[in-house]
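*Asks:* I'm passing along upload.cif; it holds mmCIF, C-alpha atoms and all ligand atoms.
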```
data_protein
loop_
_atom_site.group_PDB
_atom_site.id
_atom_site.type_symbol
_atom_site.label_atom_id
_atom_site.label_comp_id
_atom_site.auth_asym_id
_atom_site.auth_seq_id
_atom_site.Cartn_x
_atom_site.Cartn_y
_atom_site.Cartn_z
ATOM 1 C CA MET A 9 116.574 189.888 -49.291
ATOM 2 C CA LEU A 10 114.232 189.531 -46.338
ATOM 3 C CA TRP A 11 114.218 191.572 -43.193
ATOM 4 C CA PRO A 12 112.355 189.614 -40.516
ATOM 5 C CA HIS A 13 111.852 192.594 -38.241
ATOM 6 C CA ALA A 14 110.045 194.708 -40.830
ATOM 7 C CA ARG A 15 106.479 195.462 -39.779
ATOM 8 C CA ILE A 16 104.312 192.972 -41.606
ATOM 9 C CA ARG A 17 100.554 193.137 -41.846
ATOM 10 C CA ARG A 18 99.646 189.459 -41.851
ATOM 11 C CA ALA A 19 96.585 188.067 -43.597
ATOM 12 C CA ARG A 20 93.770 187.123 -41.193
ATOM 13 C CA ASN A 21 92.505 184.263 -43.376
ATOM 14 C CA VAL A 22 93.190 181.152 -41.257
ATOM 15 C CA GLU A 23 93.192 178.702 -44.179
ATOM 16 C CA LEU A 24 95.787 180.856 -45.918
ATOM 17 C CA GLN A 25 97.945 181.077 -42.780
ATOM 18 C CA GLU A 26 97.908 177.307 -42.350
ATOM 19 C CA ARG A 27 98.689 176.650 -46.005
ATOM 20 C CA VAL A 28 101.568 179.126 -46.039
ATOM 21 C CA ALA A 29 102.962 177.627 -42.803
ATOM 22 C CA ALA A 30 102.856 174.133 -44.353
ATOM 23 C CA VAL A 31 104.609 175.311 -47.539
ATOM 24 C CA ARG A 32 107.237 177.084 -45.431
ATOM 25 C CA ARG A 33 107.987 173.818 -43.598
ATOM 26 C CA GLU A 34 108.215 171.869 -46.876
ATOM 27 C CA THR A 35 110.312 174.432 -48.766
ATOM 28 C CA PRO A 36 112.281 176.561 -46.280
ATOM 29 C CA GLU A 37 114.218 178.092 -49.186
ATOM 30 C CA SER A 38 111.068 179.913 -50.325
ATOM 31 C CA ASP A 39 110.681 181.700 -46.980
ATOM 32 C CA ALA A 40 111.552 185.184 -48.314
ATOM 33 C CA TRP A 41 109.095 184.939 -51.188
ATOM 34 C CA LEU A 42 106.358 183.540 -48.910
ATOM 35 C CA THR A 43 106.806 186.333 -46.390
ATOM 36 C CA LEU A 44 106.437 188.892 -49.168
ATOM 37 C CA LEU A 45 103.349 187.106 -50.479
ATOM 38 C CA GLU A 46 101.848 186.929 -46.985
ATOM 39 C CA ALA A 47 102.466 190.638 -46.552
ATOM 40 C CA ALA A 48 100.836 191.389 -49.946
ATOM 41 C CA LEU A 49 97.792 189.297 -49.060
ATOM 42 C CA GLY A 50 97.626 191.019 -45.666
ATOM 43 C CA GLU A 51 97.602 194.389 -47.456
ATOM 44 C CA SER A 52 94.843 192.987 -49.711
ATOM 45 C CA GLU A 53 92.566 192.702 -46.698
ATOM 46 C CA ASP A 54 93.179 196.347 -45.891
ATOM 47 C CA GLY A 55 90.237 198.629 -46.683
ATOM 48 C CA VAL A 56 92.680 201.057 -48.348
ATOM 49 C CA TRP A 57 92.458 199.249 -51.639
ATOM 50 C CA GLU A 58 88.684 198.922 -51.654
ATOM 51 C CA ALA A 59 88.639 202.698 -52.128
ATOM 52 C CA ALA A 60 90.532 202.380 -55.435
ATOM 53 C CA VAL A 61 88.408 203.536 -58.360
ATOM 54 C CA PRO A 62 89.411 202.164 -61.757
ATOM 55 C CA SER A 63 88.149 204.190 -64.722
ATOM 56 C CA PRO A 64 88.551 202.126 -67.884
ATOM 57 C CA ALA A 65 89.571 203.992 -71.052
ATOM 58 C CA ALA A 66 86.494 205.243 -72.920
ATOM 59 C CA GLU A 67 87.553 203.540 -76.116
ATOM 60 C CA ARG A 68 89.894 200.626 -76.299
ATOM 61 C CA PRO A 69 90.585 197.928 -78.860
ATOM 62 C CA VAL A 70 88.361 194.883 -78.520
ATOM 63 C CA LYS A 71 91.333 192.738 -77.501
ATOM 64 C CA ALA A 72 92.605 195.180 -74.842
ATOM 65 C CA PRO A 73 92.175 194.156 -71.174
ATOM 66 C CA ALA A 74 89.772 196.233 -69.048
ATOM 67 C CA LEU A 75 92.605 198.115 -67.334
ATOM 68 C CA SER A 76 94.497 198.990 -70.525
ATOM 69 C CA HIS A 77 95.084 202.779 -70.476
ATOM 70 C CA ALA A 78 92.775 203.003 -67.465
ATOM 71 C CA GLN A 79 93.125 205.634 -64.794
ATOM 72 C CA ILE A 80 93.037 204.248 -61.265
ATOM 73 C CA THR A 81 92.340 206.678 -58.464
ATOM 74 C CA VAL A 82 93.632 205.656 -55.034
ATOM 75 C CA ASP A 83 93.710 207.183 -51.583
ATOM 76 C CA GLY A 84 97.212 208.637 -52.029
ATOM 77 C CA ARG A 85 98.595 208.596 -48.501
ATOM 78 C CA ALA A 86 97.146 205.250 -47.491
ATOM 79 C CA ALA A 87 98.176 203.591 -50.767
ATOM 80 C CA ARG A 88 101.713 204.943 -50.466
ATOM 81 C CA ARG A 89 101.983 203.606 -46.909
ATOM 82 C CA SER A 90 100.679 200.209 -47.975
ATOM 83 C CA VAL A 91 103.142 199.828 -50.870
ATOM 84 C CA ARG A 92 105.980 201.145 -48.717
ATOM 85 C CA ARG A 93 105.266 198.525 -46.040
ATOM 86 C CA LEU A 94 105.701 195.858 -48.711
ATOM 87 C CA LEU A 95 108.874 197.415 -50.098
ATOM 88 C CA THR A 96 110.218 197.581 -46.537
ATOM 89 C CA VAL A 97 109.726 193.832 -46.123
ATOM 90 C CA ALA A 98 112.040 193.358 -49.104
ATOM 91 C CA LEU A 99 114.423 196.309 -48.868
ATOM 92 C CA LEU A 100 114.203 197.767 -45.338
ATOM 93 C CA SER A 101 115.644 201.294 -45.118
ATOM 94 C CA GLN A 102 116.191 201.688 -48.870
ATOM 95 C CA ALA A 103 112.414 201.521 -49.326
ATOM 96 C CA ARG A 104 112.078 205.060 -47.988
ATOM 97 C CA LYS A 105 114.014 206.443 -50.944
ATOM 98 C CA ILE A 106 111.817 204.814 -53.555
ATOM 99 C CA ASP A 107 108.650 206.367 -54.954
ATOM 100 C CA ALA A 108 106.108 203.739 -53.891
ATOM 101 C CA ILE A 109 103.294 204.789 -56.231
ATOM 102 C CA ALA A 110 105.673 204.985 -59.214
ATOM 103 C CA VAL A 111 106.808 201.414 -58.440
ATOM 104 C CA LEU A 112 103.188 200.285 -58.332
ATOM 105 C CA GLU A 113 102.356 201.969 -61.642
ATOM 106 C CA ALA A 114 105.460 200.561 -63.373
ATOM 107 C CA ALA A 115 104.800 197.066 -62.021
ATOM 108 C CA LEU A 116 101.187 197.154 -63.244
ATOM 109 C CA GLY A 117 102.497 197.646 -66.789
ATOM 110 C CA HIS A 118 105.499 195.312 -66.367
ATOM 111 C CA ASP A 119 107.696 198.337 -67.173
ATOM 112 C CA ASP A 120 111.054 196.818 -66.193
ATOM 113 C CA ALA A 121 113.136 199.777 -67.461
ATOM 114 C CA ARG A 122 111.216 202.175 -65.220
ATOM 115 C CA LEU A 123 111.436 199.783 -62.255
ATOM 116 C CA GLU A 124 115.184 199.579 -62.739
ATOM 117 C CA ALA A 125 115.494 203.378 -62.797
ATOM 118 C CA LEU A 126 113.376 203.619 -59.627
ATOM 119 C CA ALA A 127 115.550 200.987 -57.940
ATOM 120 C CA GLN A 128 118.727 202.836 -58.892
ATOM 121 C CA ALA A 129 117.336 206.086 -57.493
ATOM 122 C CA GLY A 130 116.889 204.305 -54.168
ATOM 123 C CA ASN A 131 120.194 202.427 -54.367
ATOM 124 C CA ALA A 132 118.280 199.159 -54.302
ATOM 125 C CA ASP A 133 118.608 195.836 -56.105
ATOM 126 C CA PRO A 134 116.435 196.074 -59.284
ATOM 127 C CA SER A 135 115.489 192.382 -59.185
ATOM 128 C CA VAL A 136 114.180 192.751 -55.618
ATOM 129 C CA VAL A 137 112.242 195.891 -56.552
ATOM 130 C CA ARG A 138 110.757 194.014 -59.513
ATOM 131 C CA VAL A 139 109.499 191.134 -57.340
ATOM 132 C CA ALA A 140 108.262 193.441 -54.565
ATOM 133 C CA GLY A 141 106.594 195.645 -57.202
ATOM 134 C CA GLN A 142 104.684 192.684 -58.624
ATOM 135 C CA MET A 143 103.583 191.704 -55.119
ATOM 136 C CA ALA A 144 102.445 195.295 -54.561
ATOM 137 C CA THR A 145 100.107 195.083 -57.561
ATOM 138 C CA ILE A 146 98.149 192.216 -55.960
ATOM 139 C CA PRO A 147 96.040 194.214 -53.441
ATOM 140 C CA LEU A 148 95.224 196.886 -56.039
ATOM 141 C CA LEU A 149 94.428 194.451 -58.846
ATOM 142 C CA ARG A 150 92.248 192.285 -56.604
ATOM 143 C CA ALA A 151 90.275 195.399 -55.638
ATOM 144 C CA CYS A 152 89.974 196.351 -59.333
ATOM 145 C CA ALA A 153 88.793 192.805 -60.140
ATOM 146 C CA ARG A 154 85.997 193.190 -57.576
ATOM 147 C CA GLY A 155 85.160 196.700 -58.750
ATOM 148 C CA LEU A 156 85.039 195.834 -62.456
ATOM 149 C CA ALA A 157 83.583 192.307 -62.180
ATOM 150 C CA ARG A 158 80.397 193.313 -64.010
ATOM 151 C CA GLU A 159 82.283 195.041 -66.803
ATOM 152 C CA LEU A 160 84.474 192.118 -67.801
ATOM 153 C CA PRO A 161 83.407 190.526 -71.095
ATOM 154 C CA SER A 162 81.362 187.345 -70.667
ATOM 155 C CA THR A 163 83.457 185.625 -73.333
ATOM 156 C CA TRP A 164 87.173 186.254 -73.679
ATOM 157 C CA TRP A 165 89.166 184.134 -76.047
ATOM 158 C CA GLU A 166 92.576 185.687 -75.540
ATOM 159 C CA GLY A 167 95.241 183.798 -73.614
ATOM 160 C CA TYR A 168 96.019 186.820 -71.401
ATOM 161 C CA CYS A 169 93.946 188.126 -68.511
ATOM 162 C CA PRO A 170 90.850 190.145 -69.526
ATOM 163 C CA LEU A 171 91.464 192.524 -66.608
ATOM 164 C CA CYS A 172 95.232 193.015 -66.273
ATOM 165 C CA GLY A 173 96.850 191.460 -69.369
ATOM 166 C CA ALA A 174 99.085 188.953 -67.511
ATOM 167 C CA TRP A 175 99.479 185.392 -68.759
ATOM 168 C CA PRO A 176 97.580 182.828 -66.677
ATOM 169 C CA VAL A 177 99.475 180.983 -63.939
ATOM 170 C CA VAL A 178 97.382 177.852 -64.210
ATOM 171 C CA ALA A 179 94.610 176.201 -66.244
ATOM 172 C CA GLU A 180 91.919 174.749 -63.989
ATOM 173 C CA TYR A 181 89.618 171.899 -64.898
ATOM 174 C CA THR A 182 86.817 172.259 -62.407
ATOM 175 C CA GLY A 183 83.731 170.273 -61.413
ATOM 176 C CA LEU A 184 82.097 167.449 -63.323
ATOM 177 C CA GLU A 185 82.264 169.236 -66.667
ATOM 178 C CA ARG A 186 86.040 169.713 -66.444
ATOM 179 C CA LYS A 187 85.752 172.982 -68.332
ATOM 180 C CA ARG A 188 89.079 174.670 -68.931
ATOM 181 C CA GLN A 189 89.394 177.911 -67.026
ATOM 182 C CA LEU A 190 92.520 180.057 -67.029
ATOM 183 C CA ARG A 191 93.445 181.889 -63.811
ATOM 184 C CA CYS A 192 95.453 185.057 -63.378
ATOM 185 C CA GLY A 193 97.878 185.078 -60.457
ATOM 186 C CA ARG A 194 97.878 188.881 -60.118
ATOM 187 C CA CYS A 195 94.172 189.771 -60.012
ATOM 188 C CA GLY A 196 92.655 186.310 -59.452
ATOM 189 C CA VAL A 197 90.273 186.600 -62.430
ATOM 190 C CA GLY A 198 89.330 183.391 -64.268
ATOM 191 C CA TRP A 199 88.194 183.030 -67.878
ATOM 192 C CA ALA A 200 87.146 180.070 -69.989
ATOM 193 C CA ILE A 201 88.747 179.308 -73.338
ATOM 194 C CA PRO A 202 88.450 176.169 -75.498
ATOM 195 C CA GLN A 203 90.524 173.188 -74.505
ATOM 196 C CA LEU A 204 92.357 172.818 -77.781
ATOM 197 C CA ARG A 205 93.927 176.232 -78.083
ATOM 198 C CA CYS A 206 97.407 177.419 -77.105
ATOM 199 C CA VAL A 207 97.214 180.266 -74.609
ATOM 200 C CA TYR A 208 100.251 182.035 -76.069
ATOM 201 C CA CYS A 209 100.070 181.661 -79.856
ATOM 202 C CA ASP A 210 96.429 180.622 -80.493
ATOM 203 C CA GLU A 211 97.505 177.331 -82.111
ATOM 204 C CA THR A 212 94.422 175.111 -82.440
ATOM 205 C CA HIS A 213 95.788 172.176 -84.430
ATOM 206 C CA HIS A 214 95.783 169.161 -82.130
ATOM 207 C CA ASP A 215 98.912 167.691 -83.723
ATOM 208 C CA ASN A 216 100.893 170.596 -82.269
ATOM 209 C CA LEU A 217 99.327 170.590 -78.784
ATOM 210 C CA GLY A 218 100.017 168.057 -76.058
ATOM 211 C CA TYR A 219 100.517 167.274 -72.394
ATOM 212 C CA LEU A 220 103.265 166.237 -70.064
ATOM 213 C CA THR A 221 102.011 164.198 -67.119
ATOM 214 C CA PRO A 222 103.798 163.089 -63.933
ATOM 215 C CA GLU A 223 104.965 159.484 -64.248
ATOM 216 C CA ALA A 224 103.237 158.266 -61.110
ATOM 217 C CA GLY A 225 101.023 159.378 -58.305
ATOM 218 C CA GLU A 226 99.713 162.838 -59.002
ATOM 219 C CA GLN A 227 96.615 162.352 -61.166
ATOM 220 C CA THR A 228 95.316 165.899 -60.913
ATOM 221 C CA ARG A 229 98.334 167.611 -62.468
ATOM 222 C CA LYS A 230 99.589 167.987 -66.001
ATOM 223 C CA ILE A 231 101.476 170.474 -68.131
ATOM 224 C CA GLU A 232 99.910 171.746 -71.329
ATOM 225 C CA VAL A 233 102.503 172.241 -74.056
ATOM 226 C CA CYS A 234 102.504 173.756 -77.539
ATOM 227 C CA ASN A 235 105.050 172.598 -80.079
ATOM 228 C CA THR A 236 104.465 175.619 -82.306
ATOM 229 C CA CYS A 237 105.620 178.297 -79.831
ATOM 230 C CA LYS A 238 107.204 175.913 -77.251
ATOM 231 C CA GLY A 239 105.086 177.482 -74.514
ATOM 232 C CA TYR A 240 103.798 175.595 -71.470
ATOM 233 C CA LEU A 241 101.145 176.104 -68.821
ATOM 234 C CA LYS A 242 100.579 174.082 -65.655
ATOM 235 C CA ALA A 243 97.104 172.585 -65.279
ATOM 236 C CA VAL A 244 95.175 171.197 -62.329
ATOM 237 C CA THR A 245 91.896 169.334 -61.878
ATOM 238 C CA THR A 246 89.965 170.717 -58.917
ATOM 239 C CA VAL A 247 86.583 170.246 -57.265
ATOM 240 C CA ARG A 248 86.112 174.013 -57.006
ATOM 241 C CA PRO A 249 88.089 176.990 -58.346
ATOM 242 C CA LEU A 250 91.183 177.956 -56.376
ATOM 243 C CA ALA A 251 90.809 180.987 -54.117
ATOM 244 C CA PRO A 252 92.752 183.942 -55.587
ATOM 245 C CA TRP A 253 95.424 183.702 -52.848
ATOM 246 C CA ALA A 254 95.813 179.956 -53.452
ATOM 247 C CA ILE A 255 96.805 180.433 -57.113
ATOM 248 C CA LEU A 256 100.254 181.817 -56.259
ATOM 249 C CA VAL A 257 100.853 179.388 -53.372
ATOM 250 C CA ASP A 258 99.923 176.515 -55.689
ATOM 251 C CA ASP A 259 102.298 177.895 -58.317
ATOM 252 C CA LEU A 260 105.148 177.808 -55.809
ATOM 253 C CA THR A 261 104.444 174.258 -54.629
ATOM 254 C CA THR A 262 104.441 172.899 -58.188
ATOM 255 C CA VAL A 263 107.862 174.201 -59.221
ATOM 256 C CA PRO A 264 108.981 170.615 -60.074
ATOM 257 C CA LEU A 265 106.482 170.743 -62.949
ATOM 258 C CA ASP A 266 108.091 173.953 -64.231
ATOM 259 C CA ILE A 267 111.489 172.286 -64.060
ATOM 260 C CA ALA A 268 110.184 169.265 -65.993
ATOM 261 C CA ALA A 269 108.794 171.548 -68.730
ATOM 262 C CA LEU A 270 111.975 173.651 -68.923
ATOM 263 C CA GLU A 271 114.137 170.528 -69.163
ATOM 264 C CA ARG A 272 112.124 169.490 -72.212
ATOM 265 C CA GLY A 273 112.641 172.834 -73.949
ATOM 266 C CA TYR A 274 109.325 174.501 -73.094
ATOM 267 C CA ARG A 275 109.088 177.924 -71.470
ATOM 268 C CA ARG A 276 106.747 180.703 -70.420
ATOM 269 C CA PRO A 277 106.955 184.052 -72.251
ATOM 270 C CA GLU A 278 109.067 186.666 -70.490
ATOM 271 C CA ARG A 279 106.801 189.531 -71.453
ATOM 272 C CA PRO A 280 103.130 189.814 -70.437
ATOM 273 C CA GLY A 281 100.384 189.014 -72.904
ATOM 274 C CA TYR A 282 99.316 192.658 -73.040
ATOM 275 C CA SER A 283 101.095 195.684 -71.551
ATOM 276 C CA LEU A 284 98.653 197.810 -69.596
ATOM 277 C CA GLU A 285 100.084 201.351 -69.489
ATOM 278 C CA CYS A 286 97.543 202.481 -66.903
ATOM 279 C CA ARG A 287 97.912 205.553 -64.707
ATOM 280 C CA ILE A 288 97.518 205.891 -60.973
ATOM 281 C CA THR A 289 96.090 209.136 -59.690
ATOM 282 C CA GLU A 290 96.361 210.005 -56.032
ATOM 283 C CA ARG A 291 93.312 211.397 -54.360
ATOM 284 C CA ARG A 292 94.293 213.523 -51.387
ATOM 285 C CA GLY A 293 92.374 214.503 -48.274
ATOM 286 C CA TRP A 294 89.614 212.005 -48.969
ATOM 287 C CA GLY A 295 89.120 211.233 -45.273
ATOM 288 C CA ARG A 296 88.225 214.860 -44.551
ATOM 289 C CA LEU A 297 85.857 215.019 -47.514
ATOM 290 C CA VAL A 298 83.950 212.007 -46.259
ATOM 291 C CA GLU A 299 83.719 213.481 -42.788
ATOM 292 C CA VAL A 300 82.167 216.756 -43.881
ATOM 293 C CA GLY A 301 80.885 215.424 -47.202
ATOM 294 C CA GLY A 302 77.240 216.559 -47.140
ATOM 295 C CA GLY A 303 77.953 220.104 -46.063
ATOM 296 C CA TRP A 304 80.933 220.508 -48.343
ATOM 297 C CA TRP A 305 79.039 219.250 -51.333
ATOM 298 C CA ARG A 306 75.979 221.369 -50.554
ATOM 299 C CA SER A 307 77.965 224.544 -50.141
ATOM 300 C CA LEU A 308 79.785 223.875 -53.402
ATOM 301 C CA ARG A 309 76.481 223.388 -55.199
ATOM 302 C CA GLN A 310 75.074 226.526 -53.631
ATOM 303 C CA GLY A 311 78.189 228.423 -54.574
ATOM 304 C CA GLU A 312 77.738 227.288 -58.168
ATOM 305 C CA ALA A 313 74.113 228.403 -58.152
HETATM 306 ZN ZN ZN A 401 94.826 189.551 -64.172
HETATM 307 ZN ZN ZN A 402 101.689 178.022 -78.807
#
```
In structure tokens, write the structure found in this file.
Ligand SMILES: [Zn+2]
Ligand SMILES: [Zn+2]
*Replies:*
Amino acid sequence: MLWPHARIRRARNVELQERVAAVRRETPESDAWLTLLEAALGESEDGVWEAAVPSPAAERPVKAPALSHAQITVDGRAARRSVRRLLTVALLSQARKIDAIAVLEAALGHDDARLEALAQAGNADPSVVRVAGQMATIPLLRACARGLARELPSTWWEGYCPLCGAWPVVAEYTGLERKRQLRCGRCGVGWAIPQLRCVYCDETHHDNLGYLTPEAGEQTRKIEVCNTCKGYLKAVTTVRPLAPWAILVDDLTTVPLDIAALERGYRRPERPGYSLECRITERRGWGRLVEVGGGWWRSLRQGEA
């Protein structure tokens, strides 16, 4: 699926570059996915996404994530170019025929039917568009996580992400306290929930909750399992929380744990914890407004008066 000559904006973070290079050496078969991830993280560093303005819905159910039914305003042209660069990494010339912002909006809400229709319109492989679409949500969701950090609830007892509704990729046990913190792979947000509670079905009875642990060696890894819903979640003990970019790289390098869980009949839900249904609005001509902002605004005000 990968086109090595596509123009890729690489992440400048040196630690990330080194980690990705090491993973690429260890698992050459994941090269296509890693290149897409690298490109998404490179786009994350682009100022384009810092200009995104998420407006949460005025009223939403108490269990709805912050971005549920939100309107997100982006710099239309720059955002389109950024998503298209990512789609080009995966699809090359077919990317031009696909509505980049529509892909982003559908991927935010895990709307697979819409992604499939968009892929068909561009004559592209739906599964590739789905993966590239999820990667494209990363820069936007990370920017939203920074923008809405103060508005996230201080306690959140749902298993899905309080910002974007995705299931966590990993449970972290950090520092001396070993408090359980769930981490979202899309937006990087972390939230604490009690140790004895299934992320997926809220089971709290300890007889139905357990762990799988590697037979030897790796002491920092385990898999949390629930025998009520047969769900599993990988867990790691760390000195400090994983950087947002490291969550997805770590997920890739621990695939043997996923295989072990699947072989024992456990699985991760196919659908997200909460479907977002948020809307992306394109702001046009923003650059010019900034340039002449004071005068433009003044004359508008005067015109009103
Ligand atoms: Zn999230
Ligand atoms: Zn469960």
*Asks:* Please report, as a tab-separated table, each residue of chain A lying at most 12 Å from ligand ZN 401 (chain A), together with the nearest pair of atoms and the separation in Å rounded to one decimal; use only C-alpha atoms and all ligand atoms, and order rows by chain and ascending residue number.
*Replies:*
```
residue	atom	partner	partner_atom	distance
A:Pro73	CA	A:ZN401	ZN	8.8
A:Ala74	CA	A:ZN401	ZN	9.7
A:Leu75	CA	A:ZN401	ZN	9.4
A:Ser76	CA	A:ZN401	ZN	11.4
A:Leu116	CA	A:ZN401	ZN	10.0
A:Gly117	CA	A:ZN401	ZN	11.5
A:Gln142	CA	A:ZN401	ZN	11.7
A:Thr145	CA	A:ZN401	ZN	10.1
A:Ile146	CA	A:ZN401	ZN	9.3
A:Pro147	CA	A:ZN401	ZN	11.8
A:Leu148	CA	A:ZN401	ZN	11.0
A:Leu149	CA	A:ZN401	ZN	7.2
A:Arg150	CA	A:ZN401	ZN	8.4
A:Ala151	CA	A:ZN401	ZN	11.3
A:Cys152	CA	A:ZN401	ZN	9.7
A:Ala153	CA	A:ZN401	ZN	8.0
A:Arg154	CA	A:ZN401	ZN	11.6
A:Leu156	CA	A:ZN401	ZN	11.8
A:Ala157	CA	A:ZN401	ZN	11.7
A:Leu160	CA	A:ZN401	ZN	11.3
A:Gly167	CA	A:ZN401	ZN	11.1
A:Tyr168	CA	A:ZN401	ZN	7.8
A:Cys169	CA	A:ZN401	ZN	4.7
A:Pro170	CA	A:ZN401	ZN	6.7
A:Leu171	CA	A:ZN401	ZN	5.1
A:Cys172	CA	A:ZN401	ZN	4.1
A:Gly173	CA	A:ZN401	ZN	5.9
A:Ala174	CA	A:ZN401	ZN	5.4
A:Trp175	CA	A:ZN401	ZN	7.7
A:Pro176	CA	A:ZN401	ZN	7.7
A:Val177	CA	A:ZN401	ZN	9.8
A:Val178	CA	A:ZN401	ZN	12.0
A:Leu190	CA	A:ZN401	ZN	10.2
A:Arg191	CA	A:ZN401	ZN	7.8
A:Cys192	CA	A:ZN401	ZN	4.6
A:Gly193	CA	A:ZN401	ZN	6.6
A:Arg194	CA	A:ZN401	ZN	5.1
A:Cys195	CA	A:ZN401	ZN	4.2
A:Gly196	CA	A:ZN401	ZN	6.1
A:Val197	CA	A:ZN401	ZN	5.7
A:Gly198	CA	A:ZN401	ZN	8.3
A:Trp199	CA	A:ZN401	ZN	10.0
A:Pro252	CA	A:ZN401	ZN	10.5
A:Ile255	CA	A:ZN401	ZN	11.7
A:Pro280	CA	A:ZN401	ZN	10.4
A:Gly281	CA	A:ZN401	ZN	10.4
A:Tyr282	CA	A:ZN401	ZN	10.4
A:Ser283	CA	A:ZN401	ZN	11.5
A:Leu284	CA	A:ZN401	ZN	10.6
```
*Asks:* Need the shell around Tyr181 (chain A): protein/DNA/RNA residues with any atom at most 12 Å away, counting all atoms listed in the file. Skip same-chain ones fewer than 2 positions apart. Format as a list in words?
*Replies:*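 Within the cut-off, the hits are Val178, Ala179, Gly183, Leu184, Glu185, Arg186, Lys187, Arg188, Gln189, Leu190, Arg191, Gly198, Trp199, Ala200, Ile201, Pro202, Gln203, Thr228, Arg229, Lys230, Lys242, Ala243, Val244, Thr245, Thr246, Val247, Arg248, Pro249 and Leu250 of chain A.
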*Asks:* Using all atoms listed in the file, determine which residues fall within 6 Å of ligand ZN 402 (chain A), then list them as JSON, numbers by chain.
*Replies:* {"A": [206, 208, 209, 211, 234, 236, 237, 239]}
*Asks:* Take CA of Ala30 (chain A) and CA of Val136 (chain A) and report the distance between them in Å, one decimal.
*Replies:*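 According to the coordinates, CA of Ala30 (chain A) and CA of Val136 (chain A) are separated by 24.5 Å.
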*Asks:* Using only C-alpha atoms, pick whichever of A:Pro64, A:Pro161, A:Pro277, A:Pro222 has the shortest atom-to-atom distance to Leu265 (chain A).
*Replies:* A:Pro222
*Asks:* Quick one: of A:Ile231, A:Val207, A:Trp165, A:Gly141, who's nearest to His118 (chain A), counting only C-alpha atoms?
*Replies:* A:Gly141
*Asks:* As an exercise, work out the distance from CA of Thr261 (chain A) to CA of His214 (chain A) in Å and give it to one decimal place.
*Replies:*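 CA of Thr261 (chain A) sits 29.3 Å away from CA of His214 (chain A).
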*Asks:* So how far away is CA of Thr182 (chain A) from CA of Asp210 (chain A), in Å?
*Replies:*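 Distance between the two atoms: 22.1 Å.
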*Asks:* Which residue out of A:Ala254, A:Leu204, A:Ile267, A:Ala86 has the minimum interatomic distance to Leu24 (chain A) when all atoms listed in the file are used?
*Replies:* A:Ala254
*Asks:* Given 5 Å of margin on each side, can you work out the centre and size in Å (one decimal) of an axis-aligned box holding every listed atom of region 194-200 of chain A, as AutoDock Vina command-line options?
*Replies:*
```
--center_x 92.5 --center_y 184.9 --center_z -64.7 --size_x 20.7 --size_y 19.7 --size_z 20.5
```
*Asks:* Between A:Val111, A:Ala140, A:Ala269, A:Val31, single out the one closest to Thr96 (chain A), counting only C-alpha atoms.
*Replies:*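 Using only C-alpha atoms, the shortest distance to Thr96 (chain A) belongs to A:Ala140.
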*Asks:* Name the closest residue to Leu49 (chain A) among the candidates A:Val70, A:Ala224, A:Val28, A:Ala127; distances are taken between atoms, counting all atoms listed in the file.
*Replies:*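 Nearest to Leu49 (chain A): A:Val28.
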*Asks:* Name the closest residue to Val82 (chain A) among the candidates A:Ala66, A:Leu126, A:Lys105, A:Glu58; distances are taken between atoms, counting all atoms listed in the file.
*Replies:*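 Nearest to Val82 (chain A): A:Glu58.
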*Asks:* Quick one: apply the PyMOL selection byres (((chain A and resi 44) around 8) and not hetatm) to the file and drop the selected residues here as a PyMOL selection string.
*Replies:* chain A and resi 40-43+45-48+94+97-98+140+143
*Asks:* Determine, counting all atoms listed in the file, which protein, DNA and RNA residues have an atom within 8 Å of an atom of Arg138 (chain A); residues of the same chain fewer than 5 positions away are not included. Present the result as a list in words.
*Replies:*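 With the cut-off at 8 Å, the set is Ala115, Asp120, Leu123 and Glu124 of chain A.
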*Asks:* For Arg85 (chain A), list every protein, DNA or RNA residue within 9 Å, evaluated using all atoms listed in the file, and leave out those in the same chain fewer than 5 positions away; present the list as a count of residues only.
*Replies:* 5
*Asks:* If we count all atoms listed in the file and set the cut-off at 7 Å, which residues sit around Val233 (chain A), ignoring sequence neighbours fewer than 2 positions away in its own chain? Please answer as a compact mmCIF listing (two decimals) with C-alpha atoms, keeping the file's coordinate frame.
*Replies:*
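Result written to out35.txt:
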```txt
# COMPACT_ATOMS: atom_id res chain seq x y z
CA LEU A 217 99.33 170.59 -78.78
CA GLY A 218 100.02 168.06 -76.06
CA TYR A 219 100.52 167.27 -72.39
CA ILE A 231 101.48 170.47 -68.13
CA ASN A 235 105.05 172.60 -80.08
CA LYS A 238 107.20 175.91 -77.25
CA GLY A 239 105.09 177.48 -74.51
CA TYR A 240 103.80 175.60 -71.47
CA LEU A 241 101.14 176.10 -68.82
```
